[in-house]
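Q: Just one file: entry_16.txt, with compact mmCIF, C-alpha atoms.
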# COMPACT_ATOMS: atom_id res chain seq x y z
CA MET A 1 26.48 61.20 -68.98
CA ASP A 2 28.44 63.33 -66.55
CA LYS A 3 31.78 61.86 -65.78
CA PHE A 4 31.75 59.65 -62.70
CA SER A 5 34.92 59.50 -60.66
CA GLN A 6 35.46 58.14 -57.19
CA THR A 7 38.29 56.76 -55.12
CA LEU A 8 37.79 53.90 -52.71
CA ILE A 9 40.37 52.70 -50.23
CA ILE A 10 39.95 49.16 -48.97
CA GLN A 11 41.91 46.86 -46.73
CA SER A 12 43.75 43.89 -48.19
CA ARG A 13 41.12 41.35 -47.14
CA LEU A 14 39.44 39.02 -49.64
CA GLU A 15 36.00 39.96 -48.24
CA ALA A 16 36.77 43.63 -48.90
CA THR A 17 37.75 42.81 -52.49
CA THR A 18 34.36 41.14 -52.98
CA GLU A 19 32.55 44.27 -51.75
CA ALA A 20 34.70 46.52 -53.97
CA ARG A 21 34.07 44.32 -57.00
CA GLN A 22 30.32 44.37 -56.37
CA TRP A 23 30.37 48.17 -55.96
CA ILE A 24 32.17 48.61 -59.28
CA GLY A 25 29.65 46.28 -60.93
CA GLN A 26 26.75 48.33 -59.55
CA VAL A 27 28.26 51.61 -60.72
CA ALA A 28 28.96 50.15 -64.18
CA GLN A 29 25.39 48.86 -64.42
CA GLN A 30 23.96 52.23 -63.38
CA ALA A 31 26.20 53.86 -65.99
CA GLY A 32 24.54 51.78 -68.71
CA PHE A 33 26.94 48.89 -69.29
CA ASP A 34 25.02 45.73 -70.25
CA ALA A 35 24.80 42.72 -67.95
CA ASP A 36 27.41 40.61 -69.78
CA THR A 37 29.90 43.47 -69.78
CA VAL A 38 29.25 44.17 -66.09
CA PHE A 39 29.96 40.49 -65.36
CA ASN A 40 33.21 40.68 -67.31
CA ILE A 41 34.31 43.89 -65.61
CA GLU A 42 33.53 42.39 -62.19
CA LEU A 43 35.48 39.24 -63.04
CA ALA A 44 38.54 41.17 -64.20
CA VAL A 45 38.44 43.48 -61.18
CA GLY A 46 37.95 40.57 -58.79
CA GLU A 47 40.94 38.74 -60.24
CA ALA A 48 43.10 41.86 -60.06
CA LEU A 49 42.19 42.53 -56.42
CA ALA A 50 42.66 38.90 -55.40
CA ASN A 51 46.15 39.01 -56.91
CA VAL A 52 46.98 42.11 -54.88
CA VAL A 53 45.88 40.45 -51.63
CA ARG A 54 47.53 37.11 -52.35
CA HIS A 55 50.70 38.15 -54.12
CA ALA A 56 51.50 41.83 -53.56
CA TYR A 57 50.55 41.62 -49.86
CA GLN A 58 51.03 37.83 -49.53
CA GLY A 59 47.79 37.40 -47.64
CA GLU A 60 48.49 40.07 -45.02
CA THR A 61 45.25 41.85 -44.26
CA GLU A 62 46.34 45.17 -42.71
CA HIS A 63 47.44 46.89 -45.93
CA LYS A 64 45.63 49.37 -48.15
CA ILE A 65 44.48 49.13 -51.75
CA HIS A 66 43.45 52.33 -53.54
CA LEU A 67 40.89 52.05 -56.31
CA THR A 68 40.01 54.97 -58.57
CA LEU A 69 37.03 54.39 -60.81
CA SER A 70 36.11 56.75 -63.63
CA ILE A 71 33.29 56.30 -66.12
CA ASP A 72 32.40 58.60 -69.00
CA ASP A 73 30.67 58.37 -72.37
CA GLU A 74 33.57 56.46 -73.81
CA LYS A 75 34.82 54.01 -71.22
CA LEU A 76 35.19 52.66 -67.71
CA TYR A 77 38.67 53.30 -66.36
CA LEU A 78 39.94 51.78 -63.13
CA THR A 79 43.29 52.05 -61.42
CA ILE A 80 44.27 49.69 -58.62
CA ARG A 81 47.21 50.89 -56.56
CA ASP A 82 48.96 48.70 -54.03
CA PHE A 83 52.06 49.30 -51.95
CA GLY A 84 53.25 45.73 -51.70
CA GLN A 85 55.57 43.48 -53.61
CA LYS A 86 55.85 44.63 -57.21
CA PHE A 87 54.27 42.58 -59.94
CA GLU A 88 56.61 42.04 -62.88
CA PRO A 89 54.37 41.69 -65.93
CA ASP A 90 57.28 40.43 -68.04
CA THR A 91 57.38 37.27 -65.94
CA TYR A 92 53.75 36.44 -66.66
CA LYS A 93 53.12 33.36 -68.76
CA PRO A 94 49.58 32.62 -69.91
CA PRO A 95 48.22 29.20 -68.97
CA ASP A 96 48.34 26.35 -71.43
CA LEU A 97 44.63 26.02 -72.13
CA ASP A 98 45.12 22.53 -73.52
CA SER A 99 46.35 21.33 -70.13
CA PRO A 100 43.82 22.38 -67.49
CA THR A 101 45.38 23.24 -64.15
CA GLU A 102 44.06 24.31 -60.77
CA GLY A 103 45.41 27.84 -61.01
CA GLY A 104 46.95 30.57 -63.09
CA TYR A 105 43.83 31.86 -64.81
CA GLY A 106 43.36 35.18 -63.00
CA ILE A 107 45.63 37.40 -65.10
CA PHE A 108 44.64 35.53 -68.23
CA LEU A 109 40.98 36.38 -67.59
CA MET A 110 41.85 40.02 -66.93
CA TYR A 111 43.57 40.33 -70.29
CA GLU A 112 40.76 38.46 -72.05
CA LEU A 113 37.93 40.48 -70.59
CA MET A 114 39.25 44.04 -70.55
CA ASP A 115 40.19 46.20 -73.53
CA GLU A 116 43.33 47.56 -71.92
CA VAL A 117 45.45 46.18 -69.09
CA SER A 118 48.70 47.85 -68.10
CA TYR A 119 50.98 47.76 -65.09
CA ASP A 120 53.04 50.67 -63.84
CA THR A 121 55.94 49.27 -61.84
CA SER A 122 58.04 52.44 -61.98
CA LEU A 123 56.67 53.70 -58.65
CA PRO A 124 58.95 53.77 -55.62
CA ASP A 125 56.76 51.17 -53.93
CA GLY A 126 54.11 48.80 -55.18
CA THR A 127 52.26 48.65 -58.46
CA ARG A 128 49.54 50.59 -60.25
CA LEU A 129 47.31 48.51 -62.50
CA LYS A 130 45.14 50.20 -65.10
CA LEU A 131 42.05 48.45 -66.46
CA VAL A 132 39.91 49.92 -69.24
CA LYS A 133 36.64 48.76 -70.76
CA TYR A 134 35.21 50.77 -73.64
CA ARG A 135 31.53 51.19 -74.35
CA PRO A 136 30.33 49.40 -77.53
CA GLY A 137 31.52 51.21 -80.67
CA LYS A 138 33.96 53.37 -78.73
CA HIS A 139 37.01 51.16 -79.03
CA LEU A 140 39.34 51.26 -82.02
CA ASP A 141 39.05 47.48 -82.41
CA ASP A 142 35.24 47.57 -82.54
CA MET B 1 27.34 31.66 -51.59
CA GLU B 2 24.82 29.29 -50.11
CA TYR B 3 24.60 25.58 -50.67
CA GLU B 4 22.25 22.66 -50.18
CA LEU B 5 23.16 19.00 -50.13
CA GLN B 6 20.94 16.16 -51.27
CA GLN B 7 21.57 12.44 -51.55
CA LYS B 8 19.57 10.69 -54.27
CA SER B 9 20.34 6.97 -54.30
CA ASP B 10 24.07 6.78 -55.02
CA VAL B 11 24.42 10.33 -56.35
CA THR B 12 25.25 13.34 -54.18
CA ILE B 13 23.91 16.68 -55.40
CA LEU B 14 25.47 19.90 -54.16
CA SER B 15 23.34 22.87 -55.21
CA LEU B 16 25.11 26.20 -55.11
CA ARG B 17 23.49 29.63 -55.00
CA GLY B 18 24.95 33.09 -55.40
CA GLU B 19 28.57 33.98 -55.98
CA VAL B 20 31.43 31.48 -56.00
CA ASP B 21 34.30 33.90 -55.63
CA VAL B 22 37.70 34.15 -53.99
CA SER B 23 36.24 34.87 -50.54
CA GLN B 24 33.99 31.77 -50.75
CA ALA B 25 36.39 29.35 -52.44
CA THR B 26 37.71 27.88 -49.20
CA VAL B 27 34.18 27.13 -47.97
CA LEU B 28 33.38 25.37 -51.22
CA ARG B 29 36.68 23.47 -51.26
CA ASP B 30 36.13 22.21 -47.70
CA LYS B 31 32.56 21.13 -48.48
CA LEU B 32 33.54 19.29 -51.65
CA LEU B 33 36.46 17.57 -49.94
CA GLU B 34 34.20 16.52 -47.07
CA ILE B 35 31.70 15.03 -49.52
CA ILE B 36 34.33 13.23 -51.58
CA ASN B 37 36.28 11.98 -48.56
CA GLN B 38 33.09 10.44 -47.19
CA GLY B 39 33.21 8.17 -50.21
CA ASN B 40 30.59 10.00 -52.26
CA GLY B 41 32.38 9.71 -55.56
CA ARG B 42 29.36 10.32 -57.75
CA LEU B 43 28.79 13.99 -57.40
CA LEU B 44 26.74 16.58 -59.23
CA VAL B 45 27.28 20.28 -58.62
CA ASP B 46 24.12 22.14 -59.57
CA MET B 47 25.30 25.49 -60.93
CA SER B 48 21.92 26.72 -62.16
CA GLN B 49 21.69 29.39 -59.43
CA VAL B 50 25.32 30.47 -59.50
CA GLU B 51 25.46 34.10 -60.58
CA TYR B 52 29.22 34.55 -60.57
CA ILE B 53 32.36 32.46 -60.55
CA ASP B 54 36.01 33.53 -60.63
CA SER B 55 39.28 31.67 -61.15
CA SER B 56 39.38 30.68 -57.47
CA GLY B 57 35.98 29.01 -57.72
CA LEU B 58 37.06 27.39 -60.95
CA SER B 59 40.23 26.02 -59.33
CA VAL B 60 38.20 24.42 -56.55
CA LEU B 61 35.96 22.69 -59.10
CA VAL B 62 38.99 21.43 -61.07
CA ALA B 63 40.60 20.03 -57.92
CA ALA B 64 37.38 18.30 -56.85
CA HIS B 65 36.86 16.89 -60.34
CA ARG B 66 40.39 15.46 -60.31
CA LYS B 67 39.95 14.00 -56.82
CA CYS B 68 36.70 12.29 -57.83
CA GLN B 69 38.33 10.88 -60.94
CA GLY B 70 41.31 9.70 -58.91
CA MET B 71 38.95 7.77 -56.66
CA GLY B 72 37.24 6.16 -59.64
CA GLY B 73 34.17 8.35 -59.35
CA MET B 74 32.79 11.26 -61.36
CA MET B 75 31.82 14.85 -60.83
CA GLY B 76 29.45 16.62 -63.19
CA LEU B 77 28.19 20.16 -63.40
CA VAL B 78 24.52 20.94 -63.95
CA ASN B 79 23.13 23.82 -65.99
CA PRO B 80 25.64 26.65 -65.54
CA GLN B 81 24.14 29.97 -66.62
CA LYS B 82 25.46 31.94 -69.58
CA PRO B 83 28.04 34.17 -67.84
CA VAL B 84 29.42 31.20 -65.90
CA GLN B 85 29.49 29.12 -69.09
CA GLN B 86 31.48 31.88 -70.69
CA VAL B 87 34.16 31.59 -67.98
CA PHE B 88 34.33 27.82 -68.62
CA GLN B 89 34.66 28.46 -72.36
CA LEU B 90 37.34 31.14 -72.03
CA THR B 91 39.48 28.86 -69.89
CA ARG B 92 38.44 25.78 -71.91
CA MET B 93 37.21 24.12 -68.76
CA ASP B 94 34.09 23.25 -70.73
CA LYS B 95 36.26 20.50 -72.27
CA LEU B 96 37.27 19.18 -68.85
CA PHE B 97 33.93 19.02 -67.05
CA ASN B 98 30.95 16.87 -67.86
CA VAL B 99 28.11 19.38 -68.07
CA TYR B 100 24.46 18.30 -67.97
CA PRO B 101 21.37 20.36 -68.74
CA THR B 102 19.38 19.03 -65.78
CA VAL B 103 19.92 17.24 -62.49
CA GLU B 104 17.98 14.28 -63.89
CA ALA B 105 20.30 14.01 -66.90
CA GLY B 106 23.31 14.23 -64.60
CA LYS B 107 21.89 11.58 -62.28
CA LYS B 108 21.33 9.24 -65.18
CA ALA B 109 24.91 9.69 -66.38
CA ALA B 110 26.35 9.41 -62.87
CA SER B 111 24.39 6.25 -62.06
CA GLY B 112 25.64 4.66 -65.27
CA SER B 113 29.28 5.53 -64.62
Would you write out, as structure tokens, the structure that this file holds?

A:
Amino acid sequence: MDKFSQTLIIQSRLEATTEARQWIGQVAQQAGFDADTVFNIELAVGEALANVVRHAYQGETEHKIHLTLSIDDEKLYLTIRDFGQKFEPDTYKPPDLDSPTEGGYGIFLMYELMDEVSYDTSLPDGTRLKLVKYRPGKHLDD
Amino acid sequence: MEYELQQKSDVTILSLRGEVDVSQATVLRDKLLEIINQGNGRLLVDMSQVEYIDSSGLSVLVAAHRKCQGMGGMMGLVNPQKPVQQVFQLTRMDKLFNVYPTVEAGKKAASGS
């Protein structure tokens, strides 16, 4: 397939994150990802965007989130750029799955469902999150 | 997300449809709290038409489950579809919730609790 690449800028509202997640799911589906993988991509993206709204922007709705989605024969590649409070990935602790709680599963799900998750916190402001999902047989671990 | 509420003898059935995501979690939380606070402690959440759930939706279900248990009642989930089941399995919430294949099976269990 020809490489797909598009940037979307949304406001930091939860409703806008739902629309962005659904758009990414539709593009992934049209690009040939199977239904289970599309669900997983949507879930990871939704969790990432919800974290930006809730934590980076602390629920303030007037800020911008930049999403750049690229899809080629090998993978889906998404960057999520915010300009809010930096996320410090070193402080992240995965939930204790033996003790169910009412929160703390968002980042865990992102790491579980995507092939690559990385945070760039070296920017002067905010954070850039990179999410990658490979097509079947295209990942080194496959 | 859309929902429908039914009362069958002493069991309340909340049927959900569509996506239970971060932008709908507050609506679901308020509805579940309203049901439980009215004293309906035997509750089934029919998940058979839920196409998507995220960690926010999951958190609401965990909180409602705990509240029901705290009031001496029970909350069960009915027939979650494969992708939703997968989210329960990944987070091991499948060990926390009572999951029933049908509303009838859930009603039977709830009535006996």

Q: Given all atoms listed in the file as the basis, pick out the residue of B:Gly76, B:Ile13, B:Thr91, B:Ser111 nearest to Ile107 of chain A.

A: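 Using all atoms listed in the file, Ile107 of chain A sits closest to B:Thr91.
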
Q: Choose the residue, out of A:Asn40, A:Gln6, A:Thr91, A:Ser12, that has the smallest atom-to-atom separation from chain B; count only C-alpha atoms.

A: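 Ranking A:Asn40, A:Gln6, A:Thr91, A:Ser12 by distance to chain B, first place goes to A:Asn40.
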
Q: If you measure from atom CA of Val45 of chain B to atom CA of Ser59 of chain B, what distance in Å do you get, rounded to one decimal?

A: 14.2 Å

Q: Please check the contacts: residues of chain B at most 10 Å away from chain A, using all atoms listed in the file, listed as an mmCIF file with C-alpha atoms, keeping the file's coordinate frame.

A:
data_model
loop_
_atom_site.group_PDB
_atom_site.id
_atom_site.type_symbol
_atom_site.label_atom_id
_atom_site.label_comp_id
_atom_site.auth_asym_id
_atom_site.auth_seq_id
_atom_site.Cartn_x
_atom_site.Cartn_y
_atom_site.Cartn_z
ATOM 1 C CA GLU B 19 28.570 33.980 -55.980
ATOM 2 C CA ASP B 21 34.300 33.900 -55.630
ATOM 3 C CA VAL B 22 37.700 34.150 -53.990
ATOM 4 C CA SER B 23 36.240 34.870 -50.540
ATOM 5 C CA GLN B 24 33.990 31.770 -50.750
ATOM 6 C CA GLU B 51 25.460 34.100 -60.580
ATOM 7 C CA TYR B 52 29.220 34.550 -60.570
ATOM 8 C CA ILE B 53 32.360 32.460 -60.550
ATOM 9 C CA ASP B 54 36.010 33.530 -60.630
ATOM 10 C CA SER B 55 39.280 31.670 -61.150
ATOM 11 C CA SER B 56 39.380 30.680 -57.470
ATOM 12 C CA GLY B 57 35.980 29.010 -57.720
ATOM 13 C CA LEU B 58 37.060 27.390 -60.950
ATOM 14 C CA SER B 59 40.230 26.020 -59.330
ATOM 15 C CA VAL B 60 38.200 24.420 -56.550
ATOM 16 C CA LEU B 61 35.960 22.690 -59.100
ATOM 17 C CA VAL B 62 38.990 21.430 -61.070
ATOM 18 C CA ALA B 63 40.600 20.030 -57.920
ATOM 19 C CA ALA B 64 37.380 18.300 -56.850
ATOM 20 C CA ARG B 66 40.390 15.460 -60.310
ATOM 21 C CA LYS B 82 25.460 31.940 -69.580
ATOM 22 C CA PRO B 83 28.040 34.170 -67.840
ATOM 23 C CA VAL B 84 29.420 31.200 -65.900
ATOM 24 C CA GLN B 86 31.480 31.880 -70.690
ATOM 25 C CA VAL B 87 34.160 31.590 -67.980
ATOM 26 C CA LEU B 90 37.340 31.140 -72.030
ATOM 27 C CA THR B 91 39.480 28.860 -69.890
ATOM 28 C CA ARG B 92 38.440 25.780 -71.910
ATOM 29 C CA MET B 93 37.210 24.120 -68.760
ATOM 30 C CA LYS B 95 36.260 20.500 -72.270
ATOM 31 C CA LEU B 96 37.270 19.180 -68.850
#

Q: Place a sphere of radius 7 Å on (56.5, 50.5, -56.2) in the file coordinates and name every protein, DNA or RNA residue with an atom inside or on its surface, counting all atoms listed in the file; give the answer as number ranges by chain.

A: A: 83, 86, 121-127

Q: Could you tell me how far atom CA of His65 of chain B lies from atom CA of Leu43 of chain B, in Å and to one decimal?

A: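 Here the two named atoms are 9.1 Å from each other.
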
Q: Compare B:Leu33, B:Cys68, B:Val50, B:Ala109 by their minimum atom-to-atom distance to Gln85 of chain B, counting all atoms listed in the file, and give me the closest one.

A: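 So, comparing all the options, the nearest one is B:Val50.
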
Q: Could you rebuild segment 83-107 of chain B with N, CA, C and O atoms and give it back as a PDB file, in the frame of the given file?

A:
ATOM      1  N   PRO B  83      26.755  33.532 -68.192  1.00  0.00           N
ATOM      2  CA  PRO B  83      28.040  34.170 -67.840  1.00  0.00           C
ATOM      3  C   PRO B  83      29.043  33.178 -67.261  1.00  0.00           C
ATOM      4  O   PRO B  83      30.241  33.274 -67.527  1.00  0.00           O
ATOM      5  N   VAL B  84      28.538  32.214 -66.494  1.00  0.00           N
ATOM      6  CA  VAL B  84      29.420  31.200 -65.900  1.00  0.00           C
ATOM      7  C   VAL B  84      29.942  30.270 -67.006  1.00  0.00           C
ATOM      8  O   VAL B  84      31.120  29.918 -67.029  1.00  0.00           O
ATOM      9  N   GLN B  85      29.058  29.925 -67.928  1.00  0.00           N
ATOM     10  CA  GLN B  85      29.490  29.120 -69.090  1.00  0.00           C
ATOM     11  C   GLN B  85      30.603  29.807 -69.839  1.00  0.00           C
ATOM     12  O   GLN B  85      31.549  29.179 -70.325  1.00  0.00           O
ATOM     13  N   GLN B  86      30.479  31.120 -69.950  1.00  0.00           N
ATOM     14  CA  GLN B  86      31.480  31.880 -70.690  1.00  0.00           C
ATOM     15  C   GLN B  86      32.865  31.762 -70.032  1.00  0.00           C
ATOM     16  O   GLN B  86      33.882  31.671 -70.713  1.00  0.00           O
ATOM     17  N   VAL B  87      32.881  31.748 -68.692  1.00  0.00           N
ATOM     18  CA  VAL B  87      34.160  31.590 -67.980  1.00  0.00           C
ATOM     19  C   VAL B  87      34.739  30.201 -68.279  1.00  0.00           C
ATOM     20  O   VAL B  87      35.945  30.055 -68.520  1.00  0.00           O
ATOM     21  N   PHE B  88      33.880  29.177 -68.275  1.00  0.00           N
ATOM     22  CA  PHE B  88      34.330  27.820 -68.620  1.00  0.00           C
ATOM     23  C   PHE B  88      34.901  27.801 -70.038  1.00  0.00           C
ATOM     24  O   PHE B  88      35.925  27.184 -70.305  1.00  0.00           O
ATOM     25  N   GLN B  89      34.215  28.486 -70.958  1.00  0.00           N
ATOM     26  CA  GLN B  89      34.660  28.460 -72.360  1.00  0.00           C
ATOM     27  C   GLN B  89      35.990  29.196 -72.540  1.00  0.00           C
ATOM     28  O   GLN B  89      36.886  28.715 -73.232  1.00  0.00           O
ATOM     29  N   LEU B  90      36.102  30.354 -71.896  1.00  0.00           N
ATOM     30  CA  LEU B  90      37.340  31.140 -72.030  1.00  0.00           C
ATOM     31  C   LEU B  90      38.556  30.360 -71.550  1.00  0.00           C
ATOM     32  O   LEU B  90      39.640  30.458 -72.123  1.00  0.00           O
ATOM     33  N   THR B  91      38.366  29.609 -70.476  1.00  0.00           N
ATOM     34  CA  THR B  91      39.480  28.860 -69.890  1.00  0.00           C
ATOM     35  C   THR B  91      39.536  27.421 -70.426  1.00  0.00           C
ATOM     36  O   THR B  91      40.387  26.643 -69.998  1.00  0.00           O
ATOM     37  N   ARG B  92      38.608  27.113 -71.308  1.00  0.00           N
ATOM     38  CA  ARG B  92      38.440  25.780 -71.910  1.00  0.00           C
ATOM     39  C   ARG B  92      38.141  24.702 -70.880  1.00  0.00           C
ATOM     40  O   ARG B  92      38.396  23.516 -71.107  1.00  0.00           O
ATOM     41  N   MET B  93      37.627  25.105 -69.759  1.00  0.00           N
ATOM     42  CA  MET B  93      37.210  24.120 -68.760  1.00  0.00           C
ATOM     43  C   MET B  93      35.945  23.388 -69.206  1.00  0.00           C
ATOM     44  O   MET B  93      35.585  22.363 -68.626  1.00  0.00           O
ATOM     45  N   ASP B  94      35.269  23.939 -70.206  1.00  0.00           N
ATOM     46  CA  ASP B  94      34.090  23.250 -70.730  1.00  0.00           C
ATOM     47  C   ASP B  94      34.484  21.912 -71.365  1.00  0.00           C
ATOM     48  O   ASP B  94      33.655  21.022 -71.519  1.00  0.00           O
ATOM     49  N   LYS B  95      35.784  21.781 -71.720  1.00  0.00           N
ATOM     50  CA  LYS B  95      36.260  20.500 -72.270  1.00  0.00           C
ATOM     51  C   LYS B  95      36.591  19.508 -71.154  1.00  0.00           C
ATOM     52  O   LYS B  95      36.633  18.308 -71.375  1.00  0.00           O
ATOM     53  N   LEU B  96      36.858  20.039 -69.971  1.00  0.00           N
ATOM     54  CA  LEU B  96      37.270  19.180 -68.850  1.00  0.00           C
ATOM     55  C   LEU B  96      36.055  18.591 -68.124  1.00  0.00           C
ATOM     56  O   LEU B  96      36.027  17.408 -67.804  1.00  0.00           O
ATOM     57  N   PHE B  97      35.075  19.446 -67.877  1.00  0.00           N
ATOM     58  CA  PHE B  97      33.930  19.020 -67.050  1.00  0.00           C
ATOM     59  C   PHE B  97      32.849  18.352 -67.906  1.00  0.00           C
ATOM     60  O   PHE B  97      32.597  18.744 -69.039  1.00  0.00           O
ATOM     61  N   ASN B  98      32.192  17.379 -67.290  1.00  0.00           N
ATOM     62  CA  ASN B  98      30.950  16.870 -67.860  1.00  0.00           C
ATOM     63  C   ASN B  98      29.845  17.820 -67.415  1.00  0.00           C
ATOM     64  O   ASN B  98      29.634  18.020 -66.222  1.00  0.00           O
ATOM     65  N   VAL B  99      29.158  18.409 -68.383  1.00  0.00           N
ATOM     66  CA  VAL B  99      28.110  19.380 -68.070  1.00  0.00           C
ATOM     67  C   VAL B  99      26.767  18.825 -68.545  1.00  0.00           C
ATOM     68  O   VAL B  99      26.650  18.364 -69.691  1.00  0.00           O
ATOM     69  N   TYR B 100      25.773  18.855 -67.656  1.00  0.00           N
ATOM     70  CA  TYR B 100      24.460  18.300 -67.970  1.00  0.00           C
ATOM     71  C   TYR B 100      23.404  19.395 -67.893  1.00  0.00           C
ATOM     72  O   TYR B 100      23.499  20.301 -67.062  1.00  0.00           O
ATOM     73  N   PRO B 101      22.390  19.292 -68.743  1.00  0.00           N
ATOM     74  CA  PRO B 101      21.370  20.360 -68.740  1.00  0.00           C
ATOM     75  C   PRO B 101      20.470  20.336 -67.509  1.00  0.00           C
ATOM     76  O   PRO B 101      19.957  21.378 -67.105  1.00  0.00           O
ATOM     77  N   THR B 102      20.261  19.142 -66.951  1.00  0.00           N
ATOM     78  CA  THR B 102      19.380  19.030 -65.780  1.00  0.00           C
ATOM     79  C   THR B 102      19.996  18.073 -64.761  1.00  0.00           C
ATOM     80  O   THR B 102      20.874  17.268 -65.096  1.00  0.00           O
ATOM     81  N   VAL B 103      19.480  18.167 -63.535  1.00  0.00           N
ATOM     82  CA  VAL B 103      19.920  17.240 -62.490  1.00  0.00           C
ATOM     83  C   VAL B 103      19.573  15.808 -62.895  1.00  0.00           C
ATOM     84  O   VAL B 103      20.374  14.881 -62.705  1.00  0.00           O
ATOM     85  N   GLU B 104      18.401  15.624 -63.485  1.00  0.00           N
ATOM     86  CA  GLU B 104      17.980  14.280 -63.890  1.00  0.00           C
ATOM     87  C   GLU B 104      18.951  13.681 -64.902  1.00  0.00           C
ATOM     88  O   GLU B 104      19.331  12.516 -64.791  1.00  0.00           O
ATOM     89  N   ALA B 105      19.347  14.499 -65.892  1.00  0.00           N
ATOM     90  CA  ALA B 105      20.300  14.010 -66.900  1.00  0.00           C
ATOM     91  C   ALA B 105      21.644  13.675 -66.249  1.00  0.00           C
ATOM     92  O   ALA B 105      22.285  12.669 -66.580  1.00  0.00           O
ATOM     93  N   GLY B 106      22.061  14.487 -65.310  1.00  0.00           N
ATOM     94  CA  GLY B 106      23.310  14.230 -64.600  1.00  0.00           C
ATOM     95  C   GLY B 106      23.230  12.968 -63.767  1.00  0.00           C
ATOM     96  O   GLY B 106      24.181  12.167 -63.728  1.00  0.00           O
ATOM     97  N   LYS B 107      22.081  12.781 -63.107  1.00  0.00           N
ATOM     98  CA  LYS B 107      21.890  11.580 -62.280  1.00  0.00           C
ATOM     99  C   LYS B 107      21.968  10.317 -63.125  1.00  0.00           C
ATOM    100  O   LYS B 107      22.571   9.317 -62.742  1.00  0.00           O
TER     101      LYS B 107
END
